[in-house]
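Here is the file final_14.cif (mmCIF, C-alpha atoms; chains and numbers go by the auth columns).
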```cif
data_start
#
loop_
_atom_site.group_PDB
_atom_site.id
_atom_site.type_symbol
_atom_site.label_atom_id
_atom_site.label_comp_id
_atom_site.label_asym_id
_atom_site.label_seq_id
_atom_site.Cartn_x
_atom_site.Cartn_y
_atom_site.Cartn_z
_atom_site.B_iso_or_equiv
_atom_site.auth_seq_id
_atom_site.auth_asym_id
ATOM 1 C CA MET A 1 -10.747 -6.684 4.814 0.00 795 T
ATOM 2 C CA LEU A 2 -7.703 -8.652 5.987 0.00 796 T
ATOM 3 C CA GLU A 3 -6.879 -12.150 4.855 0.00 797 T
ATOM 4 C CA PRO A 4 -7.874 -14.792 7.430 0.00 798 T
ATOM 5 C CA CYS A 5 -4.365 -16.245 7.741 0.00 799 T
ATOM 6 C CA TYR A 6 -1.169 -16.879 5.791 0.00 800 T
ATOM 7 C CA LYS A 7 -1.298 -20.683 5.393 0.00 801 T
ATOM 8 C CA LYS A 8 -4.845 -21.655 4.586 0.00 802 T
ATOM 9 C CA ASP A 9 -4.168 -25.388 4.309 0.00 803 T
ATOM 10 C CA CYS A 10 -3.290 -25.952 7.962 0.00 804 T
ATOM 11 C CA LEU A 11 -4.080 -24.875 11.518 0.00 805 T
ATOM 12 C CA GLU A 12 -2.244 -21.576 11.955 0.00 806 T
ATOM 13 C CA ALA A 13 -1.842 -19.393 15.030 0.00 807 T
ATOM 14 C CA GLY A 14 -1.286 -15.651 14.766 0.00 808 T
ATOM 15 C CA LEU A 15 1.188 -14.107 17.221 0.00 809 T
ATOM 16 C CA ASP A 16 1.759 -10.524 18.331 0.00 810 T
ATOM 17 C CA GLU A 17 2.948 -8.543 21.337 0.00 811 T
ATOM 18 C CA ALA A 18 2.125 -5.290 23.114 0.00 812 T
ATOM 19 C CA GLY A 19 4.214 -3.018 25.304 0.00 813 T
ATOM 20 C CA ARG A 20 7.593 -3.495 23.714 0.00 814 T
ATOM 21 C CA GLY A 21 8.347 0.236 23.663 0.00 815 T
ATOM 22 C CA CYS A 22 7.178 1.073 27.189 0.00 816 T
ATOM 23 C CA LEU A 23 9.114 2.464 30.129 0.00 817 T
ATOM 24 C CA ALA A 24 7.085 0.506 32.673 0.00 818 T
ATOM 25 C CA GLY A 25 5.128 -2.706 32.984 0.00 819 T
ATOM 26 C CA PRO A 26 5.485 -6.129 31.406 0.00 820 T
ATOM 27 C CA VAL A 27 5.384 -7.013 27.753 0.00 821 T
ATOM 28 C CA PHE A 28 2.354 -9.101 26.767 0.00 822 T
ATOM 29 C CA ALA A 29 1.987 -11.497 23.853 0.00 823 T
ATOM 30 C CA ALA A 30 -0.952 -13.446 22.473 0.00 824 T
ATOM 31 C CA ALA A 31 -1.436 -16.448 20.211 0.00 825 T
ATOM 32 C CA VAL A 32 -4.785 -16.950 18.482 0.00 826 T
ATOM 33 C CA ILE A 33 -6.201 -19.679 16.253 0.00 827 T
ATOM 34 C CA LEU A 34 -9.332 -18.494 14.452 0.00 828 T
ATOM 35 C CA PRO A 35 -11.890 -20.716 12.719 0.00 829 T
ATOM 36 C CA PRO A 36 -11.146 -21.125 8.986 0.00 830 T
ATOM 37 C CA ALA A 37 -14.278 -19.245 7.926 0.00 831 T
ATOM 38 C CA TYR A 38 -14.038 -16.494 10.546 0.00 832 T
ATOM 39 C CA SER A 39 -14.154 -12.874 9.410 0.00 833 T
ATOM 40 C CA HIS A 40 -14.965 -9.507 10.915 0.00 834 T
ATOM 41 C CA ASN A 41 -14.909 -6.268 8.953 0.00 835 T
ATOM 42 C CA LEU A 42 -13.547 -4.292 11.920 0.00 836 T
ATOM 43 C CA LEU A 43 -10.669 -6.650 12.723 0.00 837 T
ATOM 44 C CA ARG A 44 -7.264 -5.038 12.102 0.00 838 T
ATOM 45 C CA ASP A 45 -4.108 -3.812 13.822 0.00 839 T
ATOM 46 C CA SER A 46 -5.035 -2.814 17.373 0.00 840 T
ATOM 47 C CA LYS A 47 -3.213 0.519 16.972 0.00 841 T
ATOM 48 C CA MET A 48 -5.747 1.526 14.322 0.00 842 T
ATOM 49 C CA LEU A 49 -8.707 1.017 16.667 0.00 843 T
ATOM 50 C CA ASN A 50 -10.083 3.006 19.560 0.00 844 T
ATOM 51 C CA HIS A 51 -10.620 1.616 23.053 0.00 845 T
ATOM 52 C CA LYS A 52 -14.287 0.780 22.515 0.00 846 T
ATOM 53 C CA GLN A 53 -13.539 -1.065 19.264 0.00 847 T
ATOM 54 C CA ARG A 54 -10.708 -3.051 20.836 0.00 848 T
ATOM 55 C CA GLU A 55 -12.892 -4.130 23.745 0.00 849 T
ATOM 56 C CA LEU A 56 -15.676 -5.169 21.386 0.00 850 T
ATOM 57 C CA LEU A 57 -13.260 -7.198 19.292 0.00 851 T
ATOM 58 C CA ARG A 58 -11.669 -8.748 22.368 0.00 852 T
ATOM 59 C CA SER A 59 -15.051 -10.204 23.324 0.00 853 T
ATOM 60 C CA GLU A 60 -15.638 -11.374 19.758 0.00 854 T
ATOM 61 C CA ILE A 61 -12.244 -13.065 19.561 0.00 855 T
ATOM 62 C CA GLU A 62 -12.533 -14.744 22.951 0.00 856 T
ATOM 63 C CA LYS A 63 -15.993 -16.027 22.022 0.00 857 T
ATOM 64 C CA ASN A 64 -15.194 -17.242 18.503 0.00 858 T
ATOM 65 C CA ALA A 65 -11.544 -18.305 18.455 0.00 859 T
ATOM 66 C CA LEU A 66 -10.796 -22.009 18.359 0.00 860 T
ATOM 67 C CA CYS A 67 -8.342 -21.215 21.139 0.00 861 T
ATOM 68 C CA PHE A 68 -6.188 -18.361 22.403 0.00 862 T
ATOM 69 C CA SER A 69 -3.511 -17.732 24.994 0.00 863 T
ATOM 70 C CA VAL A 70 -2.175 -14.465 26.450 0.00 864 T
ATOM 71 C CA ASN A 71 0.966 -14.203 28.578 0.00 865 T
ATOM 72 C CA PRO A 72 3.144 -11.480 30.151 0.00 866 T
ATOM 73 C CA VAL A 73 6.873 -11.359 30.753 0.00 867 T
ATOM 74 C CA ASP A 74 7.780 -9.096 33.659 0.00 868 T
ATOM 75 C CA GLU A 75 10.070 -6.094 33.934 0.00 869 T
ATOM 76 C CA GLN A 76 12.865 -7.990 35.692 0.00 870 T
ATOM 77 C CA THR A 77 13.046 -10.511 32.871 0.00 871 T
ATOM 78 C CA ILE A 78 12.974 -7.726 30.281 0.00 872 T
ATOM 79 C CA ASP A 79 15.963 -6.096 31.986 0.00 873 T
ATOM 80 C CA SER A 80 17.748 -9.427 32.292 0.00 874 T
ATOM 81 C CA ILE A 81 17.422 -10.755 28.735 0.00 875 T
ATOM 82 C CA ASN A 82 16.426 -7.575 26.757 0.00 876 T
ATOM 83 C CA ILE A 83 13.057 -6.559 25.380 0.00 877 T
ATOM 84 C CA LEU A 84 13.299 -8.421 22.072 0.00 878 T
ATOM 85 C CA LYS A 85 14.039 -11.755 23.744 0.00 879 T
ATOM 86 C CA ALA A 86 11.380 -11.041 26.379 0.00 880 T
ATOM 87 C CA SER A 87 8.794 -10.379 23.659 0.00 881 T
ATOM 88 C CA ILE A 88 9.668 -13.656 21.950 0.00 882 T
ATOM 89 C CA LYS A 89 9.572 -15.457 25.296 0.00 883 T
ATOM 90 C CA ALA A 90 6.035 -14.131 25.849 0.00 884 T
ATOM 91 C CA MET A 91 5.065 -15.373 22.381 0.00 885 T
ATOM 92 C CA HIS A 92 6.527 -18.822 23.098 0.00 886 T
ATOM 93 C CA LEU A 93 4.603 -18.980 26.383 0.00 887 T
ATOM 94 C CA SER A 94 1.422 -18.099 24.505 0.00 888 T
ATOM 95 C CA VAL A 95 1.966 -20.826 21.916 0.00 889 T
ATOM 96 C CA LYS A 96 2.624 -23.300 24.734 0.00 890 T
ATOM 97 C CA GLY A 97 -0.613 -22.202 26.407 0.00 891 T
ATOM 98 C CA LEU A 98 -2.837 -22.973 23.417 0.00 892 T
ATOM 99 C CA SER A 99 -5.242 -25.843 23.994 0.00 893 T
ATOM 100 C CA ILE A 100 -4.831 -26.874 20.339 0.00 894 T
ATOM 101 C CA LYS A 101 -1.343 -27.293 18.912 0.00 895 T
ATOM 102 C CA PRO A 102 -0.956 -25.207 15.744 0.00 896 T
ATOM 103 C CA GLU A 103 0.768 -26.489 12.632 0.00 897 T
ATOM 104 C CA HIS A 104 2.161 -23.103 11.663 0.00 898 T
ATOM 105 C CA LEU A 105 2.855 -19.734 13.295 0.00 899 T
ATOM 106 C CA ALA A 106 2.316 -16.359 11.621 0.00 900 T
ATOM 107 C CA VAL A 107 4.313 -13.811 13.621 0.00 901 T
ATOM 108 C CA ASP A 108 4.097 -10.028 13.519 0.00 902 T
ATOM 109 C CA GLY A 109 7.482 -8.371 13.056 0.00 903 T
ATOM 110 C CA ASN A 110 10.731 -9.263 11.366 0.00 904 T
ATOM 111 C CA TYR A 111 12.437 -11.542 13.895 0.00 905 T
ATOM 112 C CA PHE A 112 11.420 -14.629 15.841 0.00 906 T
ATOM 113 C CA LEU A 113 13.223 -17.510 17.504 0.00 907 T
ATOM 114 C CA PRO A 114 11.850 -20.838 16.229 0.00 908 T
ATOM 115 C CA TYR A 115 9.341 -22.600 18.440 0.00 909 T
ATOM 116 C CA PRO A 116 10.154 -26.319 18.754 0.00 910 T
ATOM 117 C CA THR A 117 8.504 -28.520 16.089 0.00 911 T
ATOM 118 C CA ILE A 118 6.336 -25.717 14.631 0.00 912 T
ATOM 119 C CA ALA A 119 7.313 -23.829 11.482 0.00 913 T
ATOM 120 C CA HIS A 120 6.849 -20.068 11.390 0.00 914 T
ATOM 121 C CA ARG A 121 7.029 -17.028 9.162 0.00 915 T
ATOM 122 C CA THR A 122 7.393 -13.397 10.188 0.00 916 T
ATOM 123 C CA PHE A 123 5.493 -10.498 8.611 0.00 917 T
ATOM 124 C CA VAL A 124 6.298 -6.826 8.988 0.00 918 T
ATOM 125 C CA LYS A 125 2.967 -5.129 9.769 0.00 919 T
ATOM 126 C CA GLY A 126 1.383 -8.566 9.762 0.00 920 T
ATOM 127 C CA ASP A 127 -1.293 -7.296 12.157 0.00 921 T
ATOM 128 C CA ASN A 128 -2.732 -5.327 9.259 0.00 922 T
ATOM 129 C CA ARG A 129 -2.456 -8.204 6.774 0.00 923 T
ATOM 130 C CA PHE A 130 -3.859 -11.253 8.530 0.00 924 T
ATOM 131 C CA MET A 131 -6.831 -11.614 10.872 0.00 925 T
ATOM 132 C CA ASN A 132 -5.167 -14.135 13.172 0.00 926 T
ATOM 133 C CA ILE A 133 -2.242 -11.773 13.817 0.00 927 T
ATOM 134 C CA ALA A 134 -4.629 -8.823 14.216 0.00 928 T
ATOM 135 C CA ALA A 135 -6.624 -10.843 16.734 0.00 929 T
ATOM 136 C CA ALA A 136 -3.427 -11.554 18.679 0.00 930 T
ATOM 137 C CA SER A 137 -2.519 -7.860 18.632 0.00 931 T
ATOM 138 C CA ILE A 138 -5.918 -6.941 20.079 0.00 932 T
ATOM 139 C CA LEU A 139 -5.745 -9.496 22.879 0.00 933 T
ATOM 140 C CA ALA A 140 -2.175 -8.568 23.780 0.00 934 T
ATOM 141 C CA LYS A 141 -3.044 -4.870 23.799 0.00 935 T
ATOM 142 C CA THR A 142 -6.283 -5.133 25.792 0.00 936 T
ATOM 143 C CA TYR A 143 -4.859 -7.544 28.365 0.00 937 T
ATOM 144 C CA ARG A 144 -1.834 -5.320 28.879 0.00 938 T
ATOM 145 C CA ASP A 145 -3.958 -2.166 29.129 0.00 939 T
ATOM 146 C CA GLU A 146 -6.059 -3.885 31.784 0.00 940 T
ATOM 147 C CA TRP A 147 -2.899 -4.824 33.686 0.00 941 T
ATOM 148 C CA MET A 148 -1.593 -1.255 33.583 0.00 942 T
ATOM 149 C CA GLN A 149 -4.970 0.009 34.802 0.00 943 T
ATOM 150 C CA LYS A 150 -4.489 -2.126 37.922 0.00 944 T
ATOM 151 C CA LEU A 151 -0.947 -0.845 38.431 0.00 945 T
ATOM 152 C CA HIS A 152 -2.268 2.717 38.090 0.00 946 T
ATOM 153 C CA ALA A 153 -4.235 2.233 41.306 0.00 947 T
ATOM 154 C CA GLU A 154 -0.959 1.509 43.091 0.00 948 T
ATOM 155 C CA TYR A 155 0.995 4.392 41.541 0.00 949 T
ATOM 156 C CA PRO A 156 -1.544 6.949 40.257 0.00 950 T
ATOM 157 C CA GLU A 157 1.027 9.727 39.986 0.00 951 T
ATOM 158 C CA TYR A 158 2.445 8.117 36.806 0.00 952 T
ATOM 159 C CA ASN A 159 -0.968 8.003 35.050 0.00 953 T
ATOM 160 C CA TRP A 160 -0.511 4.477 33.712 0.00 954 T
ATOM 161 C CA ALA A 161 -4.267 4.334 33.155 0.00 955 T
ATOM 162 C CA GLY A 162 -3.723 6.965 30.484 0.00 956 T
ATOM 163 C CA ASN A 163 -0.243 6.360 29.071 0.00 957 T
ATOM 164 C CA LYS A 164 -0.126 2.565 29.675 0.00 958 T
ATOM 165 C CA GLY A 165 3.546 2.849 30.622 0.00 959 T
ATOM 166 C CA TYR A 166 4.699 4.552 27.426 0.00 960 T
ATOM 167 C CA GLY A 167 7.179 7.417 27.622 0.00 961 T
ATOM 168 C CA THR A 168 4.868 10.393 27.351 0.00 962 T
ATOM 169 C CA LYS A 169 6.152 13.761 28.473 0.00 963 T
ATOM 170 C CA ALA A 170 3.955 13.637 31.573 0.00 964 T
ATOM 171 C CA HIS A 171 5.173 10.130 32.434 0.00 965 T
ATOM 172 C CA VAL A 172 8.797 11.209 32.113 0.00 966 T
ATOM 173 C CA GLU A 173 8.139 14.265 34.285 0.00 967 T
ATOM 174 C CA ALA A 174 6.524 12.027 36.910 0.00 968 T
ATOM 175 C CA ILE A 175 9.647 9.844 36.959 0.00 969 T
ATOM 176 C CA LYS A 176 11.796 12.946 37.300 0.00 970 T
ATOM 177 C CA LYS A 177 9.723 14.082 40.260 0.00 971 T
ATOM 178 C CA ASN A 178 9.024 10.773 42.006 0.00 972 T
ATOM 179 C CA GLY A 179 11.749 8.408 40.827 0.00 973 T
ATOM 180 C CA LEU A 180 11.399 4.888 39.463 0.00 974 T
ATOM 181 C CA THR A 181 8.940 2.303 40.765 0.00 975 T
ATOM 182 C CA PRO A 182 9.493 -1.471 40.913 0.00 976 T
ATOM 183 C CA TYR A 183 7.476 -1.669 37.702 0.00 977 T
ATOM 184 C CA HIS A 184 9.796 0.579 35.693 0.00 978 T
ATOM 185 C CA ARG A 185 12.222 -1.135 33.348 0.00 979 T
ATOM 186 C CA ARG A 186 15.864 -0.448 34.053 0.00 980 T
ATOM 187 C CA SER A 187 17.283 -1.741 30.783 0.00 981 T
ATOM 188 C CA PHE A 188 19.926 0.151 28.850 0.00 982 T
ATOM 189 C CA GLN A 189 17.481 1.718 26.413 0.00 983 T
ATOM 190 C CA VAL A 190 15.231 3.126 29.137 0.00 984 T
ATOM 191 C CA LYS A 191 18.123 4.327 31.291 0.00 985 T
ATOM 192 C CA SER A 192 19.634 6.055 28.279 0.00 986 T
ATOM 193 C CA LEU A 193 16.360 7.822 27.499 0.00 987 T
ATOM 194 C CA LEU A 194 15.843 8.965 31.054 0.00 988 T
ATOM 195 C CA GLN A 195 19.379 9.628 32.127 0.00 989 T
ATOM 196 C CA TYR A 196 21.061 11.143 29.108 0.00 990 T
ATOM 197 C CA SER A 197 18.177 12.747 27.217 0.00 991 T
ATOM 198 C CA LEU A 198 16.157 14.076 30.111 0.00 992 T
ATOM 199 C CA PHE A 199 17.940 13.827 33.442 0.00 993 T
ATOM 200 C CA GLN A 200 21.550 14.582 32.678 0.00 994 T
ATOM 201 C CA ASN A 201 22.208 15.776 36.206 0.00 995 T
ATOM 202 C CA GLN A 202 20.279 13.068 38.028 0.00 996 T
ATOM 203 C CA SER A 203 21.647 9.623 38.805 0.00 997 T
ATOM 204 C CA LEU A 204 19.315 6.692 38.310 0.00 998 T
#
```
If you took the structure in this file and wrote it as structure tokens, what would it be?
Amino acid sequence: MLEPCYKKDCLEAGLDEAGRGCLAGPVFAAAVILPPAYSHNLLRDSKMLNHKQRELLRSEIEKNALCFSVNPVDEQTIDSINILKASIKAMHLSVKGLSIKPEHLAVDGNYFLPYPTIAHRTFVKGDNRFMNIAAASILAKTYRDEWMQKLHAEYPEYNWAGNKGYGTKAHVEAIKKNGLTPYHRRSFQVKSLLQYSLFQNQSL
């Protein structure tokens, strides 16, 4: 079972994001403050859970958290400021959206821009070390998946209900056949993947 949080002597929020490596759709981030005594034997990194487990835990977290906040940053912003800064921006928005101000932030990953007046610490694979980060990973993932499900109805040929905007072979083939949508990211990394690795003869 994961540890509840990193700093046990203060009110700590766990932070994580979802969708950083996608070709389409926004990046989502969540901030979660769990009760000090909260525990759940299934709670862990969202990537280690199936859809049914994530949805179950989403309901549990929303019901039991002291507070939580989930926020997206759109594709245009990702392309404008880069995906790392966009992910951190989404995390900052989520901290700002908390109804209770945390005293410390536990952040998944290895890089974070300080949030004003609140100390933080980053943890590589923190979503499989601390429950508050794991809870944030589950909310970010499930909220983003739900968003991509809605976008799928608008552009079903890209199968975002299945691939959630990640660069699967079928998704890449759909882009090759149908072109880019307004929801596709046009940042350097994505253009490089599509243009040079897969579509060397096709201008984006």
For the file shown, report as a PDB file with C-alpha atoms, in the frame of the given file the outcome of the PyMOL selection byres ((chain T and resi 858-870) around 8) at residue level.
```
ATOM      1  CA  ALA T 818       7.085   0.506  32.673  1.00  0.00           C
ATOM      2  CA  GLY T 819       5.128  -2.706  32.984  1.00  0.00           C
ATOM      3  CA  PRO T 820       5.485  -6.129  31.406  1.00  0.00           C
ATOM      4  CA  VAL T 821       5.384  -7.013  27.753  1.00  0.00           C
ATOM      5  CA  PHE T 822       2.354  -9.101  26.767  1.00  0.00           C
ATOM      6  CA  ALA T 823       1.987 -11.497  23.853  1.00  0.00           C
ATOM      7  CA  ALA T 824      -0.952 -13.446  22.473  1.00  0.00           C
ATOM      8  CA  ALA T 825      -1.436 -16.448  20.211  1.00  0.00           C
ATOM      9  CA  VAL T 826      -4.785 -16.950  18.482  1.00  0.00           C
ATOM     10  CA  ILE T 827      -6.201 -19.679  16.253  1.00  0.00           C
ATOM     11  CA  LEU T 828      -9.332 -18.494  14.452  1.00  0.00           C
ATOM     12  CA  PRO T 829     -11.890 -20.716  12.719  1.00  0.00           C
ATOM     13  CA  GLU T 854     -15.638 -11.374  19.758  1.00  0.00           C
ATOM     14  CA  ILE T 855     -12.244 -13.065  19.561  1.00  0.00           C
ATOM     15  CA  GLU T 856     -12.533 -14.744  22.951  1.00  0.00           C
ATOM     16  CA  LYS T 857     -15.993 -16.027  22.022  1.00  0.00           C
ATOM     17  CA  THR T 871      13.046 -10.511  32.871  1.00  0.00           C
ATOM     18  CA  ILE T 872      12.974  -7.726  30.281  1.00  0.00           C
ATOM     19  CA  ASP T 873      15.963  -6.096  31.986  1.00  0.00           C
ATOM     20  CA  SER T 874      17.748  -9.427  32.292  1.00  0.00           C
ATOM     21  CA  ALA T 880      11.380 -11.041  26.379  1.00  0.00           C
ATOM     22  CA  SER T 881       8.794 -10.379  23.659  1.00  0.00           C
ATOM     23  CA  LYS T 883       9.572 -15.457  25.296  1.00  0.00           C
ATOM     24  CA  ALA T 884       6.035 -14.131  25.849  1.00  0.00           C
ATOM     25  CA  MET T 885       5.065 -15.373  22.381  1.00  0.00           C
ATOM     26  CA  LEU T 887       4.603 -18.980  26.383  1.00  0.00           C
ATOM     27  CA  SER T 888       1.422 -18.099  24.505  1.00  0.00           C
ATOM     28  CA  VAL T 889       1.966 -20.826  21.916  1.00  0.00           C
ATOM     29  CA  GLY T 891      -0.613 -22.202  26.407  1.00  0.00           C
ATOM     30  CA  LEU T 892      -2.837 -22.973  23.417  1.00  0.00           C
ATOM     31  CA  SER T 893      -5.242 -25.843  23.994  1.00  0.00           C
ATOM     32  CA  ILE T 894      -4.831 -26.874  20.339  1.00  0.00           C
ATOM     33  CA  LEU T 933      -5.745  -9.496  22.879  1.00  0.00           C
ATOM     34  CA  ALA T 934      -2.175  -8.568  23.780  1.00  0.00           C
ATOM     35  CA  TYR T 937      -4.859  -7.544  28.365  1.00  0.00           C
ATOM     36  CA  TYR T 977       7.476  -1.669  37.702  1.00  0.00           C
ATOM     37  CA  HIS T 978       9.796   0.579  35.693  1.00  0.00           C
ATOM     38  CA  ARG T 979      12.222  -1.135  33.348  1.00  0.00           C
TER      39      ARG T 979
END
```
Please tell me which residues are no farther than 12 Å from (-17.0, -11.0, 9.5) in the file, counting all atoms listed in the file, and write them as a PyMOL selection string.
chain T and resi 795-798+828-838+851+854-855+858+925
Tell me, in Å to one decimal, how far CA of Leu899 in chain T is from CA of Ser981 in chain T.
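Going from CA of Leu899 in chain T over to CA of Ser981 in chain T covers 28.9 Å.
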To test the calculation: enclose all listed atoms of range 897-908 of chain T in a box whose edges run along x, y and z, add 4 Å on each side, then state centre and edge lengths in Å to one decimal, as AutoDock Vina command-line options.
```
--center_x 7.0 --center_y -17.4 --center_z 14.4 --size_x 20.5 --size_y 26.1 --size_z 14.1
```
Rank T:Leu907, T:Ala913, T:Leu850, T:Ala929 by their smallest atom-to-atom distance to Cys799 in chain T, using all atoms listed in the file, and report the top residue only.
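So, comparing all the options, the nearest one is T:Ala929.
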Residues returned when the PyMOL selection byres ((chain T and resi 901) around 12) runs on this file, as a ChimeraX atom specification
/T:799-800,806-811,823-826,881-882,885-886,889,898-900,902-909,913-931
For Ile932 in chain T: contacts at 7 Å, all atoms listed in the file, fewer than 3 positions along chain excluded, given as an mmCIF file with C-alpha atoms, keeping the file's coordinate frame:
```
data_model
loop_
_atom_site.group_PDB
_atom_site.id
_atom_site.type_symbol
_atom_site.label_atom_id
_atom_site.label_comp_id
_atom_site.auth_asym_id
_atom_site.auth_seq_id
_atom_site.Cartn_x
_atom_site.Cartn_y
_atom_site.Cartn_z
ATOM 1 C CA SER T 840 -5.035 -2.814 17.373
ATOM 2 C CA ARG T 848 -10.708 -3.051 20.836
ATOM 3 C CA ARG T 852 -11.669 -8.748 22.368
ATOM 4 C CA ALA T 928 -4.629 -8.823 14.216
ATOM 5 C CA ALA T 929 -6.624 -10.843 16.734
ATOM 6 C CA LYS T 935 -3.044 -4.870 23.799
ATOM 7 C CA THR T 936 -6.283 -5.133 25.792
#
```
Please identify all polymer residues lying at most 10 Å from the point (3.8, 11.2, 33.3) (file coordinates), using only C-alpha atoms, and present the result as a tab-separated table (two decimals) with C-alpha atoms, in the frame of the given file.
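Written output follows (part37.tsv):
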```
chain	number	residue	atom	x	y	z
T	950	PRO	CA	-1.54	6.95	40.26
T	951	GLU	CA	1.03	9.73	39.99
T	952	TYR	CA	2.44	8.12	36.81
T	953	ASN	CA	-0.97	8.00	35.05
T	954	TRP	CA	-0.51	4.48	33.71
T	956	GLY	CA	-3.72	6.96	30.48
T	957	ASN	CA	-0.24	6.36	29.07
T	959	GLY	CA	3.55	2.85	30.62
T	960	TYR	CA	4.70	4.55	27.43
T	961	GLY	CA	7.18	7.42	27.62
T	962	THR	CA	4.87	10.39	27.35
T	963	LYS	CA	6.15	13.76	28.47
T	964	ALA	CA	3.96	13.64	31.57
T	965	HIS	CA	5.17	10.13	32.43
T	966	VAL	CA	8.80	11.21	32.11
T	967	GLU	CA	8.14	14.26	34.28
T	968	ALA	CA	6.52	12.03	36.91
T	969	ILE	CA	9.65	9.84	36.96
T	970	LYS	CA	11.80	12.95	37.30
T	971	LYS	CA	9.72	14.08	40.26
```
Just how far from CA of Lys879 in chain T is CA of Arg938 in chain T, in Å to one decimal?
17.9 Å
What is the CA of Arg814 in chain T to CA of Leu878 in chain T distance in Å?
7.7 Å
Between T:Leu843, T:Ala812, T:Ile875, T:Cys804, which has the minimum distance to Arg980 in chain T (counting all atoms listed in the file)?
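Residue with the minimum atom-to-atom distance to Arg980 in chain T: T:Ile875.
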Once you've located range 867-912 of chain T in the structure I gave, write it as a short mmCIF file (atom, residue, chain, number, x, y, z; two decimals), in the first residue's frame, keeping C-alpha atoms.
```
data_model
loop_
_atom_site.label_atom_id
_atom_site.label_comp_id
_atom_site.auth_asym_id
_atom_site.auth_seq_id
_atom_site.Cartn_x
_atom_site.Cartn_y
_atom_site.Cartn_z
CA VAL T 867 -4.73 23.40 -20.86
CA ASP T 868 -5.67 23.38 -24.54
CA GLU T 869 -3.76 22.42 -27.66
CA GLN T 870 -3.11 26.00 -28.75
CA THR T 871 -1.45 26.80 -25.44
CA ILE T 872 0.58 23.59 -25.60
CA ASP T 873 1.88 24.61 -29.03
CA SER T 874 2.55 28.15 -27.85
CA ILE T 875 4.48 27.48 -24.63
CA ASN T 876 5.48 23.76 -25.02
CA ILE T 877 4.03 20.70 -23.34
CA LEU T 878 6.15 20.83 -20.18
CA LYS T 879 5.15 24.41 -19.39
CA ALA T 880 1.54 23.62 -20.33
CA SER T 881 1.51 20.66 -17.93
CA ILE T 882 2.85 22.85 -15.12
CA LYS T 883 0.33 25.56 -16.00
CA ALA T 884 -2.48 22.99 -15.65
CA MET T 885 -1.07 21.97 -12.26
CA HIS T 886 -0.92 25.61 -11.11
CA LEU T 887 -4.53 26.12 -12.21
CA SER T 888 -5.53 23.05 -10.22
CA VAL T 889 -3.78 24.28 -7.08
CA LYS T 890 -5.48 27.66 -7.52
CA GLY T 891 -8.83 25.89 -7.85
CA LEU T 892 -8.61 24.07 -4.51
CA SER T 893 -11.15 25.24 -1.95
CA ILE T 894 -8.57 24.69 0.81
CA LYS T 895 -5.11 26.19 0.44
CA PRO T 896 -2.45 23.49 0.89
CA GLU T 897 0.71 24.02 2.90
CA HIS T 898 2.83 21.79 0.70
CA LEU T 899 2.71 20.30 -2.81
CA ALA T 900 3.87 16.79 -3.71
CA VAL T 901 4.37 16.74 -7.49
CA ASP T 902 4.78 13.74 -9.78
CA GLY T 903 7.81 14.03 -12.05
CA ASN T 904 11.21 15.65 -11.85
CA TYR T 905 10.49 19.30 -12.69
CA PHE T 906 8.04 21.91 -11.46
CA LEU T 907 7.90 25.69 -11.42
CA PRO T 908 7.28 26.95 -7.87
CA TYR T 909 3.73 27.92 -7.00
CA PRO T 910 3.63 31.26 -5.15
CA THR T 911 3.87 30.95 -1.34
CA ILE T 912 3.61 27.12 -1.29
#
```
